[in-house]
Amino acid sequence: MEAIYAAAIVLAFIALGELVSIWSKARVPSLLVAMLGIFVFAKLGVVPETVIDDSLLLQAYSFLVAPLLFHMGSLIPLRVMLKQWRSVIIAVSGMLVAVLLILAIVAPLFGFETFVAGSGPLAGGIVATSLTTEGLTATGAASSIVVLPALVLMLQSLPSMPLTNYLLRRYATKLRDSGELHELARAHHEEEEAAAQKKKLVTLPGFLVDNQLFMLFLILVGGSLATLLAVPTHIPSSILALILGILATAIGLSPDKAMERSNSFGIAMAGVIAIVMAPLVTASVQDVINAFVPTITILVVGGSGIVIGGFVATKLLRWKSGLGMSVALTAMYGFPADYLLTNEVARSIARNDDEKEALLNVMLPPMLVGGFTSVSAGSVVIASVLVSLL
């Protein structure tokens with residue numbers, strides 16, 4: 001099949017998933033729709049099983065994955081992560097307990113490869129899943145194992161998002177009725193104003209920040225440097241790219257959301273989704289059936305670990321349990337679901353626009369930092385380390 005036709009077909013399923021997610025207010029995960037749709041159509045023979053390879057999106061992934069991780073490091077300012085240190089600790093605690101429980105329960109039942117296949121995706125999102133899938137494929141794992149990360153990714157948000165909605169609504173209602181809300185919002189505004197006045201070590205000229213080709217060059221340099229340093233340091237390039245993105249943004253060498261400024265984020269994400277879709281498209285129905293029980297076990301065991309780890313950390317830090325547990329659960333869906341859920345709760349609980357803004361100021365930063373810590377950063381580290389052990 002011509003590459004242009006294949007790419008259009010793959011993007012059609014991805015776009016359909018996005019539309020359904022928007023229509024359902026993120027209650028139906030976009031990736032669930034996209035991956036389930038292309039799997040069914042491939043098994044029915046409507047689209048060829050080679051559609052992913054023919055689209056050349058996997059080639060785009062191969063050279064854009066490191067720049068994408070560099071970009072992810074630029075999403076949340078370092079000062080915000082340091083300020084939201086409780087969110088970081090809670091998110092990390094949830095992930096670690098989940099991985100340890102999967103190791104203790106799933107690995108003896110289904111094997112070490114199954115443990116590796118499920119841990120990264122459960123603790124994070126699409127990028128961790130793509131790294132895990134790529135690693136399993138490279139080591140020649142069975143197709144029923146290679147398809148498992150995609151299944152975990154497809155299903156993990158179904159139980160976690162309704163639970164987050166319930167917990168956030170309880171927290172927001174208590175905050176609104178207790179009188180704390182406006183005091184917390186005022187303190188947030190004061191801190192933001194003070195931070196805005198601080199200068200970074202390096203200031204890029206505006207004409208460079210607004211230049212798409214220069215931004216593309218910048219993220220490619222960041223990805224190349226991470227790939228180069230991976231050899232002598234023996235640290236996975238994915239982890240190095242993430243660290244370099246955080247540091248470059250902190251000192252001003254890179255603006256925030258660097259890849260989005262270069263207008264290359266969409267094609268990079270299409271490549272990431274394609275590499276996750278690939279084993280699902282070529283897998284047999286029997287492979288999916290064989291992977292179903294391990295997938296459900298990973299979701300139950302890992303989800304319980306995230307809840308337990310998040311709850312214990314929240315109590316130790318003496319934080320509000322509703323918010324703390326919601327931050328821990330961001331590991332199971334990440335951005336943009338964390339943003340959409342928080343906005344939906346703020347809109348439904350607030351009695352006016354001022355209360356809505358105040359609720360967002362209080363809830364959105366920890367939710368975004370929690371999602372970044374788990375999905376964008378922590379899960380990449382977990383997936384990279386575990387894949388290296390295969």
# chains A, B, ... in the order shown; residues from 1 in each chain; ligands from 1
call {"tool": "residues_around", "arguments": {"residues": "region 239-242 of chain A", "least_positions_apart": "3", "cutoff": "9 Å", "atoms": "only C-alpha atoms", "output": "PyMOL selection string"}}
result
chain A and resi 66-74+222-227+229-230+235-236+245-247+376-377+380-381+384
call {"tool": "residues_around", "arguments": {"residues": "Gly303 (chain A)", "least_positions_apart": "4", "cutoff": "12 Å", "atoms": "only C-alpha atoms", "output": "PyMOL selection string"}}
result
chain A and resi 94-102+118-119+121-124+152+155-161+163+295-299+307-310+325+328-333
call {"tool": "residues_around", "arguments": {"residues": "Val33 (chain A)", "least_positions_apart": "6", "cutoff": "12 Å", "atoms": "only C-alpha atoms", "output": "list in words"}}
result
Ala12, Phe13, Ile14, Ala15, Leu16, Gly17, Glu18, Leu19, Val20, Ser21, Ile22, Ser24, Ala26, Arg27, Phe39, Val40, Phe41, Leu151, Leu153, Met154, Leu155 and Met277 of chain A
call {"tool": "residues_around", "arguments": {"residues": "Leu168 (chain A)", "least_positions_apart": "3", "cutoff": "12 Å", "atoms": "only C-alpha atoms", "output": "JSON, numbers by chain"}}
result
{"A": [161, 162, 163, 164, 165, 171, 172, 173, 174, 175, 176, 320, 321, 322, 323, 324, 325, 326, 327, 329, 330, 338, 341, 342, 343, 344, 345, 346, 347, 348, 349, 359, 360, 362, 363, 364, 366, 367]}
call {"tool": "write_last_selection", "arguments": {"atoms": "N, CA, C and O atoms", "output": "compact mmCIF listing (two decimals), in the first residue's frame"}}
result
# COMPACT_ATOMS: atom_id res chain seq x y z
N MET A 161 -10.36 6.78 35.94
CA MET A 161 -10.94 8.11 35.71
C MET A 161 -12.24 8.35 36.50
O MET A 161 -12.40 9.42 37.09
N PRO A 162 -13.18 7.41 36.53
CA PRO A 162 -14.37 7.63 37.38
C PRO A 162 -14.02 7.78 38.86
O PRO A 162 -14.63 8.60 39.57
N LEU A 163 -13.03 7.01 39.33
CA LEU A 163 -12.62 7.12 40.73
C LEU A 163 -12.00 8.49 41.01
O LEU A 163 -12.29 9.12 42.05
N THR A 164 -11.17 8.99 40.09
CA THR A 164 -10.58 10.32 40.24
C THR A 164 -11.66 11.39 40.26
O THR A 164 -11.62 12.33 41.07
N ASN A 165 -12.64 11.27 39.38
CA ASN A 165 -13.74 12.24 39.33
C ASN A 165 -14.46 12.30 40.67
O ASN A 165 -14.75 13.39 41.20
N TYR A 171 -13.29 16.47 47.27
CA TYR A 171 -12.29 17.43 47.74
C TYR A 171 -12.70 18.86 47.41
O TYR A 171 -12.63 19.76 48.26
N ALA A 172 -13.14 19.09 46.17
CA ALA A 172 -13.52 20.44 45.73
C ALA A 172 -14.73 20.96 46.52
O ALA A 172 -14.78 22.15 46.88
N THR A 173 -15.68 20.10 46.79
CA THR A 173 -16.87 20.52 47.55
C THR A 173 -16.49 20.94 48.96
O THR A 173 -16.95 21.97 49.46
N LYS A 174 -15.64 20.13 49.62
CA LYS A 174 -15.21 20.48 50.98
C LYS A 174 -14.40 21.77 50.97
O LYS A 174 -14.55 22.61 51.87
N LEU A 175 -13.56 21.96 49.98
CA LEU A 175 -12.73 23.15 49.88
C LEU A 175 -13.60 24.39 49.67
O LEU A 175 -13.36 25.44 50.28
N ARG A 176 -14.60 24.26 48.83
CA ARG A 176 -15.51 25.37 48.56
C ARG A 176 -16.30 25.76 49.80
O ARG A 176 -16.48 26.96 50.09
N LYS A 320 -4.46 16.41 51.96
CA LYS A 320 -5.86 16.04 51.80
C LYS A 320 -5.95 14.76 50.97
O LYS A 320 -5.41 14.69 49.86
N SER A 321 -6.66 13.76 51.50
CA SER A 321 -6.67 12.45 50.86
C SER A 321 -7.32 12.49 49.47
O SER A 321 -6.87 11.79 48.55
N GLY A 322 -8.37 13.28 49.30
CA GLY A 322 -9.05 13.34 48.00
C GLY A 322 -8.12 13.82 46.90
O GLY A 322 -8.07 13.23 45.81
N LEU A 323 -7.34 14.86 47.19
CA LEU A 323 -6.41 15.39 46.19
C LEU A 323 -5.22 14.46 46.01
O LEU A 323 -4.77 14.20 44.90
N GLY A 324 -4.69 13.96 47.12
CA GLY A 324 -3.52 13.09 47.06
C GLY A 324 -3.78 11.81 46.29
O GLY A 324 -2.96 11.40 45.45
N MET A 325 -4.91 11.17 46.54
CA MET A 325 -5.26 9.95 45.82
C MET A 325 -5.48 10.23 44.34
O MET A 325 -5.13 9.42 43.47
N SER A 326 -6.06 11.38 44.03
CA SER A 326 -6.27 11.76 42.62
C SER A 326 -4.94 11.95 41.91
O SER A 326 -4.77 11.54 40.75
N VAL A 327 -3.98 12.57 42.59
CA VAL A 327 -2.65 12.76 42.02
C VAL A 327 -2.00 11.41 41.74
O VAL A 327 -1.38 11.21 40.68
N LEU A 329 -3.47 8.60 41.07
CA LEU A 329 -4.18 7.92 39.99
C LEU A 329 -3.87 8.50 38.61
O LEU A 329 -4.18 7.87 37.59
N THR A 330 -3.25 9.69 38.55
CA THR A 330 -2.89 10.24 37.24
C THR A 330 -1.94 9.32 36.48
O THR A 330 -1.83 9.41 35.25
N ASP A 338 -5.93 14.30 32.89
CA ASP A 338 -5.84 14.97 34.19
C ASP A 338 -6.33 16.42 34.10
O ASP A 338 -7.03 16.92 35.00
N LEU A 341 -10.32 16.30 33.42
CA LEU A 341 -11.06 15.91 34.61
C LEU A 341 -11.11 17.04 35.64
O LEU A 341 -12.17 17.31 36.22
N THR A 342 -9.97 17.69 35.85
CA THR A 342 -9.91 18.78 36.82
C THR A 342 -10.80 19.94 36.39
O THR A 342 -11.52 20.53 37.20
N ASN A 343 -10.77 20.27 35.10
CA ASN A 343 -11.63 21.33 34.58
C ASN A 343 -13.11 20.99 34.72
O ASN A 343 -13.92 21.84 35.08
N GLU A 344 -13.44 19.73 34.45
CA GLU A 344 -14.84 19.32 34.55
C GLU A 344 -15.34 19.40 35.99
O GLU A 344 -16.45 19.86 36.25
N VAL A 345 -14.52 18.98 36.94
CA VAL A 345 -14.90 19.04 38.36
C VAL A 345 -15.03 20.49 38.81
O VAL A 345 -16.00 20.86 39.48
N ALA A 346 -14.07 21.34 38.43
CA ALA A 346 -14.12 22.76 38.82
C ALA A 346 -15.36 23.43 38.26
O ALA A 346 -16.03 24.22 38.94
N ARG A 347 -15.69 23.12 37.02
CA ARG A 347 -16.87 23.72 36.38
C ARG A 347 -18.16 23.28 37.05
O ARG A 347 -19.10 24.07 37.21
N SER A 348 -18.23 22.02 37.47
CA SER A 348 -19.47 21.51 38.04
C SER A 348 -19.65 21.87 39.50
O SER A 348 -20.78 21.98 39.99
N ILE A 349 -18.56 22.06 40.23
CA ILE A 349 -18.64 22.36 41.66
C ILE A 349 -18.73 23.87 41.93
O ILE A 349 -19.42 24.31 42.86
N LEU A 359 -10.67 27.13 42.18
CA LEU A 359 -10.53 25.67 42.26
C LEU A 359 -9.45 25.16 41.31
O LEU A 359 -8.66 24.27 41.66
N LEU A 360 -9.42 25.72 40.12
CA LEU A 360 -8.38 25.31 39.16
C LEU A 360 -6.99 25.68 39.66
O LEU A 360 -6.05 24.90 39.50
N VAL A 362 -5.99 25.76 42.64
CA VAL A 362 -5.61 24.87 43.73
C VAL A 362 -5.36 23.44 43.24
O VAL A 362 -4.38 22.79 43.63
N MET A 363 -6.24 22.95 42.36
CA MET A 363 -6.20 21.53 41.99
C MET A 363 -5.35 21.22 40.76
O MET A 363 -4.73 20.16 40.68
N LEU A 364 -5.32 22.14 39.81
CA LEU A 364 -4.67 21.83 38.53
C LEU A 364 -3.16 21.65 38.64
O LEU A 364 -2.61 20.68 38.06
N PRO A 366 -1.09 20.53 41.13
CA PRO A 366 -0.68 19.20 41.61
C PRO A 366 -1.10 18.07 40.69
O PRO A 366 -0.37 17.08 40.55
N MET A 367 -2.25 18.19 40.05
CA MET A 367 -2.69 17.14 39.13
C MET A 367 -1.77 17.06 37.91
O MET A 367 -1.39 15.97 37.47
call {"tool": "residues_around", "arguments": {"residues": "region 278-288 of chain A", "least_positions_apart": "6", "cutoff": "6 Å", "atoms": "only C-alpha atoms", "output": "number ranges by chain"}}
result
A: 39, 49, 52, 144, 147
call {"tool": "select_by_dssp", "arguments": {"residues": "region 263-337 of chain A", "states": "helix (DSSP H, G or I)", "output": "VMD selection string"}}
result
chain A and resid 265 to 282 285 to 316 321 to 332 337
call {"tool": "residues_around", "arguments": {"residues": "region 127-139 of chain A", "least_positions_apart": "3", "cutoff": "8 Å", "atoms": "only C-alpha atoms", "output": "PyMOL selection string"}}
result
chain A and resi 116-117+120-121+124+145-147+149-150+153+272-273+275-276+375-376+379-380+383-384+387-388+390
call {"tool": "residues_around", "arguments": {"residues": "Thr373 (chain A)", "least_positions_apart": "4", "cutoff": "9 Å", "atoms": "only C-alpha atoms", "output": "compact mmCIF listing (two decimals) with C-alpha atoms, in the first residue's frame"}}
result
# COMPACT_ATOMS: atom_id res chain seq x y z
CA MET A 81 7.91 20.60 40.28
CA SER A 87 2.66 15.64 44.31
CA VAL A 88 5.97 14.24 43.09
CA ILE A 89 6.41 12.05 46.19
CA ALA A 91 3.04 9.95 42.34
CA VAL A 92 6.39 8.18 42.77
CA ALA A 331 -0.35 7.47 36.53
CA LEU A 368 -0.51 18.22 36.20
CA VAL A 369 2.71 17.69 38.16
CA ALA A 377 8.99 11.06 33.63
CA GLY A 378 8.70 8.19 36.10
CA SER A 379 7.17 5.66 33.73
